[in-house]
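Novice: Got a structure here, written out as structure tokens. Questions coming.
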Amino acid sequence: MEKLKDIEGRYHILRYRDDYRIFAHTVEEQKFIKNQLTEILHHHKVTLNSLKNKSGTNVIIDSIKEDKLYWVEHDSVIKTTVDWKAYCKNQNVKHGYLPKRHYKATVQKHLLLIKMFADAYPNSGQLIKVLKEFEERTIHFNYNDFIGTGTDVSVLWAIAFNIVESNPKVTDVGTKLLSILLCKFKEDECEYLSYPSDGERDKGTYPEFFSFLDVIADKLANPGNNRYFEIWLQRLVVKMLDGNNDFTNHYMSWSKEGLVRLTNDILRQEQTDISRFDETWIAPESRIDWSKFIDVEKIKNIKNMNTIIGDSEIRLDLYESM
């Protein structure tokens, strides 16, 4: 850092979490600072990722990440912060409901714009926020609301699933959105689950709710897919797992993730041969009793648990201010 004393007072460094911005008076000073930083990092066996650093001369635009600039241009949500109730009171006029969100695109086009953004900037932190905004737009819709606007819920679900499948960073938020869309279908999943298994059943007779869960199941059965997604899928179906029906039996058969299989075994058999660690060197009587980590009775008593994943089940605090 001794060499930087020559330009002391002519540059400034700002840090926000793991992002750094270095401001200087000239392009030459920018390059000089970058070279010095590269040398220092190299001494500690660390290098700068060329894909994650850039320089520019436009203080405003170049200080904003590309993904955020893209969404500023393509965002279909117009946000208002006006307190309309107070405004109407001050103007002595009757207050009428005015939403804090206005939309420039239909529901389906809105999600397509998010899909294009996700393809252009995969696993972007901004993607978490835009999915949350889409959720807020649709959470109060019912099936007929979608039909009335010419929107096919199954198309929305397919687009949302593709986004989540391709962007592991949004697995929790994306699965929450999928849970909301699944509950827009008209069938009563609890009524279906009350029917016992009658052997191999044609998937074409499944209610749509279960047909889409089957799609996830088949996708996740492939090696190398997002195992974190499989754990979140278990959250969607956990209240159904002690039932004896075609969907549950199929779900049990394709599960690949160790934690999921372990939970399935204990729910069905109250014991398991699966272990999360190599315990062959431990005496059988001293090995971990995994059933003690899973409250079977609690799971069996959550029939009334909402299929929709709640806000309290995921952490969004890192992105709330984005």
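Residue names in the structure tokens use chain letters A, B, ... in the order shown, residue numbers from 1 in each chain, and ligand numbers from 1 in the order shown.
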Which polymer residues have any atom within 10 Å of an atom of A:Lys65, counting only C-alpha atoms, with same-chain residues fewer than 4 positions away left out, as a list in words?
Specialist: Lys52, Ile61, Leu69, Tyr70 and Gln126 of chain A
Novice: What would the file look like if the residues just selected were written as a PDB file, in the first residue's frame with C-alpha atoms?
Specialist:
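Output saved as selection-v8.pdb:
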```pdb
ATOM      1  CA  LYS A  52     -16.729  -9.932 -11.529  1.00  0.00           C
ATOM      2  CA  ILE A  61     -24.405   3.850 -14.277  1.00  0.00           C
ATOM      3  CA  LEU A  69     -29.740  -2.096 -14.576  1.00  0.00           C
ATOM      4  CA  TYR A  70     -31.399  -4.720 -16.755  1.00  0.00           C
ATOM      5  CA  GLN A 126     -32.077  -9.539  -7.734  1.00  0.00           C
TER       6      GLN A 126
END
```
Novice: Choose the residue, out of A:Trp232, A:Phe293, A:Trp71, A:Phe277, that has the smallest atom-to-atom separation from A:Thr263; count only C-alpha atoms.
Specialist: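 Ranking A:Trp232, A:Phe293, A:Trp71, A:Phe277 by distance to A:Thr263, first place goes to A:Phe293.
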Novice: When you count only C-alpha atoms, which of these residues is closest to A:Ile266: A:Ser253, A:Asn245, A:Thr175, A:Ser291?
Specialist: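 Closest to A:Ile266 of all the choices is A:Ser291.
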Novice: Nearest to A:Lys3: which of A:Ala120, A:Ile33, A:Leu267, A:Val27 is it, counting only C-alpha atoms?
Specialist: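 Between A:Ala120, A:Ile33, A:Leu267, A:Val27, the residue approaching A:Lys3 most closely is A:Ile33.
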Novice: Quote the spacing between atom CA of A:Asn142 and atom CA of A:Phe185 in Å to one decimal place.
Specialist: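 Result for atom CA of A:Asn142 versus atom CA of A:Phe185: 8.3 Å, one decimal.
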Novice: What's the separation between atom CA of A:His250 and atom CA of A:Phe229, in Å to one decimal place?
Specialist: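 Going from atom CA of A:His250 over to atom CA of A:Phe229 covers 17.5 Å.
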Novice: Identify which of the residues A:Leu112, A:Leu156, A:Ile308, A:Val164 lies closest to A:Ser124, counting only C-alpha atoms when measuring atom-to-atom distances.
Specialist: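 Closest candidate: A:Val164.
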Novice: Work out how far atom CA of A:Arg15 is from atom CA of A:Leu41, in Å to one decimal.
Specialist: 17.2 Å
Novice: Contacts of A:Lys31 at 12 Å or less, counting only C-alpha atoms, minus same-chain residues fewer than 3 places along, as a PDB file with N, CA, C and O atoms, in the first residue's frame?
Specialist:
```pdb
ATOM      1  N   LEU A   4       0.505   3.588  -2.953  1.00  0.00           N
ATOM      2  CA  LEU A   4      -0.741   4.344  -3.083  1.00  0.00           C
ATOM      3  C   LEU A   4      -0.663   5.695  -2.370  1.00  0.00           C
ATOM      4  O   LEU A   4      -1.544   6.543  -2.555  1.00  0.00           O
ATOM      5  N   TYR A  11      -8.505   8.996  -4.198  1.00  0.00           N
ATOM      6  CA  TYR A  11      -9.366   7.830  -4.417  1.00  0.00           C
ATOM      7  C   TYR A  11     -10.148   7.547  -3.148  1.00  0.00           C
ATOM      8  O   TYR A  11      -9.779   7.989  -2.056  1.00  0.00           O
ATOM      9  N   ILE A  22     -14.379   1.343  -5.981  1.00  0.00           N
ATOM     10  CA  ILE A  22     -13.204   2.201  -5.819  1.00  0.00           C
ATOM     11  C   ILE A  22     -13.343   3.377  -6.775  1.00  0.00           C
ATOM     12  O   ILE A  22     -13.444   3.189  -7.997  1.00  0.00           O
ATOM     13  N   PHE A  23     -13.382   4.576  -6.229  1.00  0.00           N
ATOM     14  CA  PHE A  23     -13.557   5.788  -7.028  1.00  0.00           C
ATOM     15  C   PHE A  23     -12.227   6.538  -7.098  1.00  0.00           C
ATOM     16  O   PHE A  23     -11.538   6.689  -6.086  1.00  0.00           O
ATOM     17  N   ALA A  24     -11.872   6.979  -8.292  1.00  0.00           N
ATOM     18  CA  ALA A  24     -10.623   7.727  -8.492  1.00  0.00           C
ATOM     19  C   ALA A  24     -10.880   8.888  -9.453  1.00  0.00           C
ATOM     20  O   ALA A  24     -11.919   8.951 -10.112  1.00  0.00           O
ATOM     21  N   HIS A  25      -9.901   9.787  -9.566  1.00  0.00           N
ATOM     22  CA  HIS A  25     -10.085  10.983 -10.400  1.00  0.00           C
ATOM     23  C   HIS A  25      -9.861  10.709 -11.876  1.00  0.00           C
ATOM     24  O   HIS A  25     -10.492  11.340 -12.719  1.00  0.00           O
ATOM     25  N   THR A  26      -8.981   9.773 -12.192  1.00  0.00           N
ATOM     26  CA  THR A  26      -8.663   9.512 -13.600  1.00  0.00           C
ATOM     27  C   THR A  26      -8.657   8.017 -13.880  1.00  0.00           C
ATOM     28  O   THR A  26      -8.538   7.189 -12.965  1.00  0.00           O
ATOM     29  N   VAL A  27      -8.759   7.670 -15.173  1.00  0.00           N
ATOM     30  CA  VAL A  27      -8.704   6.262 -15.587  1.00  0.00           C
ATOM     31  C   VAL A  27      -7.343   5.670 -15.247  1.00  0.00           C
ATOM     32  O   VAL A  27      -7.229   4.511 -14.844  1.00  0.00           O
ATOM     33  N   GLU A  28      -6.295   6.479 -15.395  1.00  0.00           N
ATOM     34  CA  GLU A  28      -4.940   6.010 -15.094  1.00  0.00           C
ATOM     35  C   GLU A  28      -4.808   5.635 -13.622  1.00  0.00           C
ATOM     36  O   GLU A  28      -4.165   4.632 -13.261  1.00  0.00           O
ATOM     37  N   LYS A  34      -5.839  -0.772  -9.356  1.00  0.00           N
ATOM     38  CA  LYS A  34      -6.151  -2.176  -9.653  1.00  0.00           C
ATOM     39  C   LYS A  34      -4.872  -3.016  -9.707  1.00  0.00           C
ATOM     40  O   LYS A  34      -4.831  -4.139  -9.189  1.00  0.00           O
ATOM     41  N   ASN A  35      -3.832  -2.479 -10.314  1.00  0.00           N
ATOM     42  CA  ASN A  35      -2.561  -3.207 -10.404  1.00  0.00           C
ATOM     43  C   ASN A  35      -1.970  -3.436  -9.016  1.00  0.00           C
ATOM     44  O   ASN A  35      -1.443  -4.525  -8.721  1.00  0.00           O
ATOM     45  N   GLN A  36      -2.038  -2.421  -8.172  1.00  0.00           N
ATOM     46  CA  GLN A  36      -1.513  -2.562  -6.816  1.00  0.00           C
ATOM     47  C   GLN A  36      -2.318  -3.597  -6.019  1.00  0.00           C
ATOM     48  O   GLN A  36      -1.742  -4.410  -5.289  1.00  0.00           O
ATOM     49  N   LEU A  37      -3.628  -3.560  -6.195  1.00  0.00           N
ATOM     50  CA  LEU A  37      -4.493  -4.515  -5.505  1.00  0.00           C
ATOM     51  C   LEU A  37      -4.210  -5.942  -5.980  1.00  0.00           C
ATOM     52  O   LEU A  37      -4.147  -6.880  -5.182  1.00  0.00           O
ATOM     53  N   THR A  38      -3.990  -6.099  -7.286  1.00  0.00           N
ATOM     54  CA  THR A  38      -3.681  -7.416  -7.853  1.00  0.00           C
ATOM     55  C   THR A  38      -2.374  -7.971  -7.277  1.00  0.00           C
ATOM     56  O   THR A  38      -2.283  -9.152  -6.934  1.00  0.00           O
ATOM     57  N   LYS A  54     -15.021  -4.679 -13.044  1.00  0.00           N
ATOM     58  CA  LYS A  54     -15.009  -3.844 -14.240  1.00  0.00           C
ATOM     59  C   LYS A  54     -14.685  -2.411 -13.832  1.00  0.00           C
ATOM     60  O   LYS A  54     -14.762  -2.043 -12.650  1.00  0.00           O
ATOM     61  N   SER A  55     -14.321  -1.622 -14.818  1.00  0.00           N
ATOM     62  CA  SER A  55     -14.046  -0.213 -14.567  1.00  0.00           C
ATOM     63  C   SER A  55     -14.844   0.618 -15.561  1.00  0.00           C
ATOM     64  O   SER A  55     -15.257   0.130 -16.617  1.00  0.00           O
ATOM     65  N   GLY A  56     -15.078   1.859 -15.206  1.00  0.00           N
ATOM     66  CA  GLY A  56     -15.840   2.727 -16.092  1.00  0.00           C
ATOM     67  C   GLY A  56     -15.661   4.169 -15.701  1.00  0.00           C
ATOM     68  O   GLY A  56     -15.024   4.496 -14.691  1.00  0.00           O
TER      69      GLY A  56
END
```
Novice: Can you pull out the residues contacting A:Asp278? Cut-off 12 Å, using only C-alpha atoms, and skip same-chain residues under 4 positions away; I want them as a short mmCIF file (atom, residue, chain, number, x, y, z; two decimals) with N, CA and C atoms, in the first residue's frame.
Specialist:
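Saved the output as out.cif:
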```cif
data_model
loop_
_atom_site.label_atom_id
_atom_site.label_comp_id
_atom_site.auth_asym_id
_atom_site.auth_seq_id
_atom_site.Cartn_x
_atom_site.Cartn_y
_atom_site.Cartn_z
N ASP A 273 -32.57 -47.88 7.61
CA ASP A 273 -31.21 -48.41 7.47
C ASP A 273 -30.27 -47.35 6.90
N ILE A 274 -30.84 -46.19 6.57
CA ILE A 274 -30.06 -45.10 5.97
C ILE A 274 -29.32 -44.34 7.07
N ILE A 282 -18.60 -48.20 14.10
CA ILE A 282 -19.19 -48.04 15.42
C ILE A 282 -20.01 -49.29 15.77
N ALA A 283 -19.94 -49.72 16.98
CA ALA A 283 -20.74 -50.87 17.43
C ALA A 283 -22.22 -50.58 17.21
N ARG A 287 -24.69 -46.78 17.58
CA ARG A 287 -24.95 -45.97 16.40
C ARG A 287 -26.12 -45.01 16.62
N ILE A 288 -26.18 -43.99 15.79
CA ILE A 288 -27.20 -42.94 15.94
C ILE A 288 -28.59 -43.51 15.67
#
```
Novice: To test your reading of the structure, identify every residue in stretch 2-123 of chain A that backbone DSSP assigns to alpha helix (DSSP H), and report it as a PyMOL selection string.
Specialist: chain A and resi 27-43+66-74+84-90+107-120
Novice: Using only C-alpha atoms for the distances, tell me which of A:Gln30, A:Asp265, A:Phe210, A:Gly310 is nearest to A:Ile139.
Specialist: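 Checking each candidate against A:Ile139, we get A:Gly310 as the closest.
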Novice: Which polymer residues have any atom within 12 Å of an atom of A:Phe146, counting only C-alpha atoms, with same-chain residues fewer than 5 positions away left out, as a ChimeraX atom specification?
Specialist: /A:106-108,137-141,151-156,181,184-186
Novice: What does the file look like for those residues with N, CA, C and O atoms, as an mmCIF file, in the first residue's frame?
Specialist:
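part.cif, freshly written:
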```
data_model
loop_
_atom_site.group_PDB
_atom_site.id
_atom_site.type_symbol
_atom_site.label_atom_id
_atom_site.label_comp_id
_atom_site.auth_asym_id
_atom_site.auth_seq_id
_atom_site.Cartn_x
_atom_site.Cartn_y
_atom_site.Cartn_z
ATOM 1 N N THR A 106 -49.362 -8.171 -18.379
ATOM 2 C CA THR A 106 -50.263 -9.181 -17.843
ATOM 3 C C THR A 106 -49.483 -10.095 -16.900
ATOM 4 O O THR A 106 -48.246 -10.080 -16.868
ATOM 5 N N VAL A 107 -50.198 -10.917 -16.152
ATOM 6 C CA VAL A 107 -49.543 -11.821 -15.211
ATOM 7 C C VAL A 107 -48.557 -12.743 -15.931
ATOM 8 O O VAL A 107 -47.408 -12.920 -15.499
ATOM 9 N N GLN A 108 -48.996 -13.317 -17.048
ATOM 10 C CA GLN A 108 -48.128 -14.261 -17.763
ATOM 11 C C GLN A 108 -46.918 -13.559 -18.363
ATOM 12 O O GLN A 108 -45.794 -14.064 -18.290
ATOM 13 N N ARG A 137 -48.119 -10.191 -6.243
ATOM 14 C CA ARG A 137 -49.149 -9.857 -7.230
ATOM 15 C C ARG A 137 -50.218 -10.945 -7.323
ATOM 16 O O ARG A 137 -51.401 -10.646 -7.523
ATOM 17 N N THR A 138 -49.821 -12.208 -7.198
ATOM 18 C CA THR A 138 -50.725 -13.319 -7.492
ATOM 19 C C THR A 138 -51.267 -14.056 -6.273
ATOM 20 O O THR A 138 -52.180 -14.870 -6.409
ATOM 21 N N ILE A 139 -50.746 -13.795 -5.093
ATOM 22 C CA ILE A 139 -51.106 -14.627 -3.942
ATOM 23 C C ILE A 139 -52.589 -14.569 -3.606
ATOM 24 O O ILE A 139 -53.174 -15.545 -3.119
ATOM 25 N N HIS A 140 -53.248 -13.447 -3.886
ATOM 26 C CA HIS A 140 -54.668 -13.324 -3.550
ATOM 27 C C HIS A 140 -55.589 -13.702 -4.715
ATOM 28 O O HIS A 140 -56.806 -13.640 -4.571
ATOM 29 N N PHE A 141 -55.013 -14.077 -5.842
ATOM 30 C CA PHE A 141 -55.827 -14.533 -6.970
ATOM 31 C C PHE A 141 -56.406 -15.911 -6.647
ATOM 32 O O PHE A 141 -55.779 -16.718 -5.972
ATOM 33 N N THR A 151 -55.506 -16.283 -18.307
ATOM 34 C CA THR A 151 -54.224 -16.833 -17.870
ATOM 35 C C THR A 151 -54.379 -18.290 -17.452
ATOM 36 O O THR A 151 -55.255 -18.607 -16.638
ATOM 37 N N ASP A 152 -53.556 -19.153 -18.006
ATOM 38 C CA ASP A 152 -53.571 -20.566 -17.654
ATOM 39 C C ASP A 152 -52.598 -20.788 -16.500
ATOM 40 O O ASP A 152 -51.391 -20.570 -16.646
ATOM 41 N N VAL A 153 -53.121 -21.223 -15.360
ATOM 42 C CA VAL A 153 -52.276 -21.409 -14.184
ATOM 43 C C VAL A 153 -51.170 -22.419 -14.462
ATOM 44 O O VAL A 153 -50.043 -22.280 -13.977
ATOM 45 N N SER A 154 -51.464 -23.439 -15.254
ATOM 46 C CA SER A 154 -50.457 -24.467 -15.534
ATOM 47 C C SER A 154 -49.281 -23.895 -16.321
ATOM 48 O O SER A 154 -48.139 -24.327 -16.146
ATOM 49 N N VAL A 155 -49.550 -22.892 -17.179
ATOM 50 C CA VAL A 155 -48.465 -22.245 -17.924
ATOM 51 C C VAL A 155 -47.587 -21.452 -16.959
ATOM 52 O O VAL A 155 -46.355 -21.498 -17.041
ATOM 53 N N LEU A 156 -48.215 -20.724 -16.033
ATOM 54 C CA LEU A 156 -47.444 -19.983 -15.027
ATOM 55 C C LEU A 156 -46.582 -20.936 -14.213
ATOM 56 O O LEU A 156 -45.411 -20.656 -13.942
ATOM 57 N N LEU A 181 -48.894 -21.321 -6.504
ATOM 58 C CA LEU A 181 -49.539 -21.625 -7.783
ATOM 59 C C LEU A 181 -50.234 -22.980 -7.747
ATOM 60 O O LEU A 181 -51.312 -23.146 -8.335
ATOM 61 N N LYS A 184 -53.710 -22.884 -6.486
ATOM 62 C CA LYS A 184 -54.710 -22.179 -7.299
ATOM 63 C C LYS A 184 -55.594 -23.145 -8.072
ATOM 64 O O LYS A 184 -56.639 -22.757 -8.598
ATOM 65 N N PHE A 185 -55.155 -24.408 -8.185
ATOM 66 C CA PHE A 185 -55.982 -25.382 -8.885
ATOM 67 C C PHE A 185 -57.214 -25.696 -8.037
ATOM 68 O O PHE A 185 -57.180 -25.648 -6.813
ATOM 69 N N LYS A 186 -58.284 -26.082 -8.707
ATOM 70 C CA LYS A 186 -59.569 -26.213 -8.024
ATOM 71 C C LYS A 186 -59.727 -27.510 -7.242
ATOM 72 O O LYS A 186 -60.560 -27.609 -6.358
#
```
Novice: Give me the residues near A:Ile231 as an MDAnalysis selection string, where near means some atom within 12 Å (using only C-alpha atoms) and where sequence neighbours in that chain fewer than 5 positions away do not count.
Specialist: chainID A and resid 171:172 175 216:217 220 225:226 236:238 255:264
Novice: For the residues selected in the previous step, produce a file with N, CA and C atoms as a PDB file, in the first residue's frame.
Specialist:
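Below is the file result.pdb, written as the result:
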```pdb
ATOM      1  N   THR A 171     -34.064 -21.400  -4.811  1.00  0.00           N
ATOM      2  CA  THR A 171     -34.819 -22.620  -4.524  1.00  0.00           C
ATOM      3  C   THR A 171     -35.900 -22.402  -3.486  1.00  0.00           C
ATOM      4  N   ASP A 172     -35.566 -21.771  -2.345  1.00  0.00           N
ATOM      5  CA  ASP A 172     -36.564 -21.601  -1.288  1.00  0.00           C
ATOM      6  C   ASP A 172     -37.687 -20.649  -1.699  1.00  0.00           C
ATOM      7  N   THR A 175     -39.706 -22.256  -4.578  1.00  0.00           N
ATOM      8  CA  THR A 175     -40.603 -23.330  -4.149  1.00  0.00           C
ATOM      9  C   THR A 175     -41.824 -22.743  -3.450  1.00  0.00           C
ATOM     10  N   ILE A 216     -42.171 -32.527 -11.037  1.00  0.00           N
ATOM     11  CA  ILE A 216     -40.994 -32.214 -10.228  1.00  0.00           C
ATOM     12  C   ILE A 216     -40.267 -33.497  -9.854  1.00  0.00           C
ATOM     13  N   ALA A 217     -41.041 -34.492  -9.443  1.00  0.00           N
ATOM     14  CA  ALA A 217     -40.450 -35.757  -9.018  1.00  0.00           C
ATOM     15  C   ALA A 217     -39.611 -36.376 -10.124  1.00  0.00           C
ATOM     16  N   LEU A 220     -36.374 -34.335 -10.723  1.00  0.00           N
ATOM     17  CA  LEU A 220     -35.379 -34.444  -9.656  1.00  0.00           C
ATOM     18  C   LEU A 220     -34.806 -35.845  -9.531  1.00  0.00           C
ATOM     19  N   ASN A 225     -29.189 -33.339 -10.245  1.00  0.00           N
ATOM     20  CA  ASN A 225     -30.137 -32.248 -10.087  1.00  0.00           C
ATOM     21  C   ASN A 225     -30.061 -31.669  -8.675  1.00  0.00           C
ATOM     22  N   ASN A 226     -30.766 -30.571  -8.480  1.00  0.00           N
ATOM     23  CA  ASN A 226     -30.710 -29.804  -7.240  1.00  0.00           C
ATOM     24  C   ASN A 226     -31.333 -30.586  -6.075  1.00  0.00           C
ATOM     25  N   LEU A 236     -43.605 -29.567   0.711  1.00  0.00           N
ATOM     26  CA  LEU A 236     -44.916 -29.432   0.073  1.00  0.00           C
ATOM     27  C   LEU A 236     -45.805 -30.647   0.311  1.00  0.00           C
ATOM     28  N   VAL A 237     -45.189 -31.809   0.456  1.00  0.00           N
ATOM     29  CA  VAL A 237     -45.974 -33.036   0.529  1.00  0.00           C
ATOM     30  C   VAL A 237     -45.912 -33.720   1.896  1.00  0.00           C
ATOM     31  N   VAL A 238     -45.226 -33.108   2.869  1.00  0.00           N
ATOM     32  CA  VAL A 238     -44.954 -33.794   4.130  1.00  0.00           C
ATOM     33  C   VAL A 238     -46.226 -34.241   4.843  1.00  0.00           C
ATOM     34  N   SER A 255     -37.482 -40.850  -4.516  1.00  0.00           N
ATOM     35  CA  SER A 255     -36.672 -39.960  -3.680  1.00  0.00           C
ATOM     36  C   SER A 255     -35.208 -40.387  -3.692  1.00  0.00           C
ATOM     37  N   LYS A 256     -34.307 -39.444  -3.894  1.00  0.00           N
ATOM     38  CA  LYS A 256     -32.869 -39.722  -3.985  1.00  0.00           C
ATOM     39  C   LYS A 256     -32.058 -39.084  -2.854  1.00  0.00           C
ATOM     40  N   GLU A 257     -32.460 -37.908  -2.424  1.00  0.00           N
ATOM     41  CA  GLU A 257     -31.718 -37.185  -1.391  1.00  0.00           C
ATOM     42  C   GLU A 257     -31.756 -37.963  -0.075  1.00  0.00           C
ATOM     43  N   GLY A 258     -30.577 -38.119   0.551  1.00  0.00           N
ATOM     44  CA  GLY A 258     -30.460 -38.919   1.762  1.00  0.00           C
ATOM     45  C   GLY A 258     -31.372 -38.477   2.889  1.00  0.00           C
ATOM     46  N   LEU A 259     -31.426 -37.159   3.168  1.00  0.00           N
ATOM     47  CA  LEU A 259     -32.278 -36.662   4.249  1.00  0.00           C
ATOM     48  C   LEU A 259     -33.747 -36.938   3.966  1.00  0.00           C
ATOM     49  N   VAL A 260     -34.141 -36.820   2.689  1.00  0.00           N
ATOM     50  CA  VAL A 260     -35.530 -37.070   2.303  1.00  0.00           C
ATOM     51  C   VAL A 260     -35.874 -38.542   2.494  1.00  0.00           C
ATOM     52  N   ARG A 261     -34.990 -39.425   2.027  1.00  0.00           N
ATOM     53  CA  ARG A 261     -35.240 -40.864   2.143  1.00  0.00           C
ATOM     54  C   ARG A 261     -35.274 -41.295   3.604  1.00  0.00           C
ATOM     55  N   LEU A 262     -34.386 -40.719   4.396  1.00  0.00           N
ATOM     56  CA  LEU A 262     -34.348 -41.057   5.816  1.00  0.00           C
ATOM     57  C   LEU A 262     -35.678 -40.690   6.482  1.00  0.00           C
ATOM     58  N   THR A 263     -36.171 -39.486   6.182  1.00  0.00           N
ATOM     59  CA  THR A 263     -37.443 -39.046   6.750  1.00  0.00           C
ATOM     60  C   THR A 263     -38.593 -39.916   6.267  1.00  0.00           C
ATOM     61  N   ASN A 264     -38.596 -40.251   4.975  1.00  0.00           N
ATOM     62  CA  ASN A 264     -39.651 -41.112   4.418  1.00  0.00           C
ATOM     63  C   ASN A 264     -39.697 -42.454   5.135  1.00  0.00           C
TER      64      ASN A 264
END
```
Novice: Find the spatial neighbours of A:Glu136, counting only C-alpha atoms, within a cut-off of 10 Å - ignore same-chain residues fewer than 6 positions away - and output them as a ChimeraX atom specification.
Specialist: /A:101,130,177
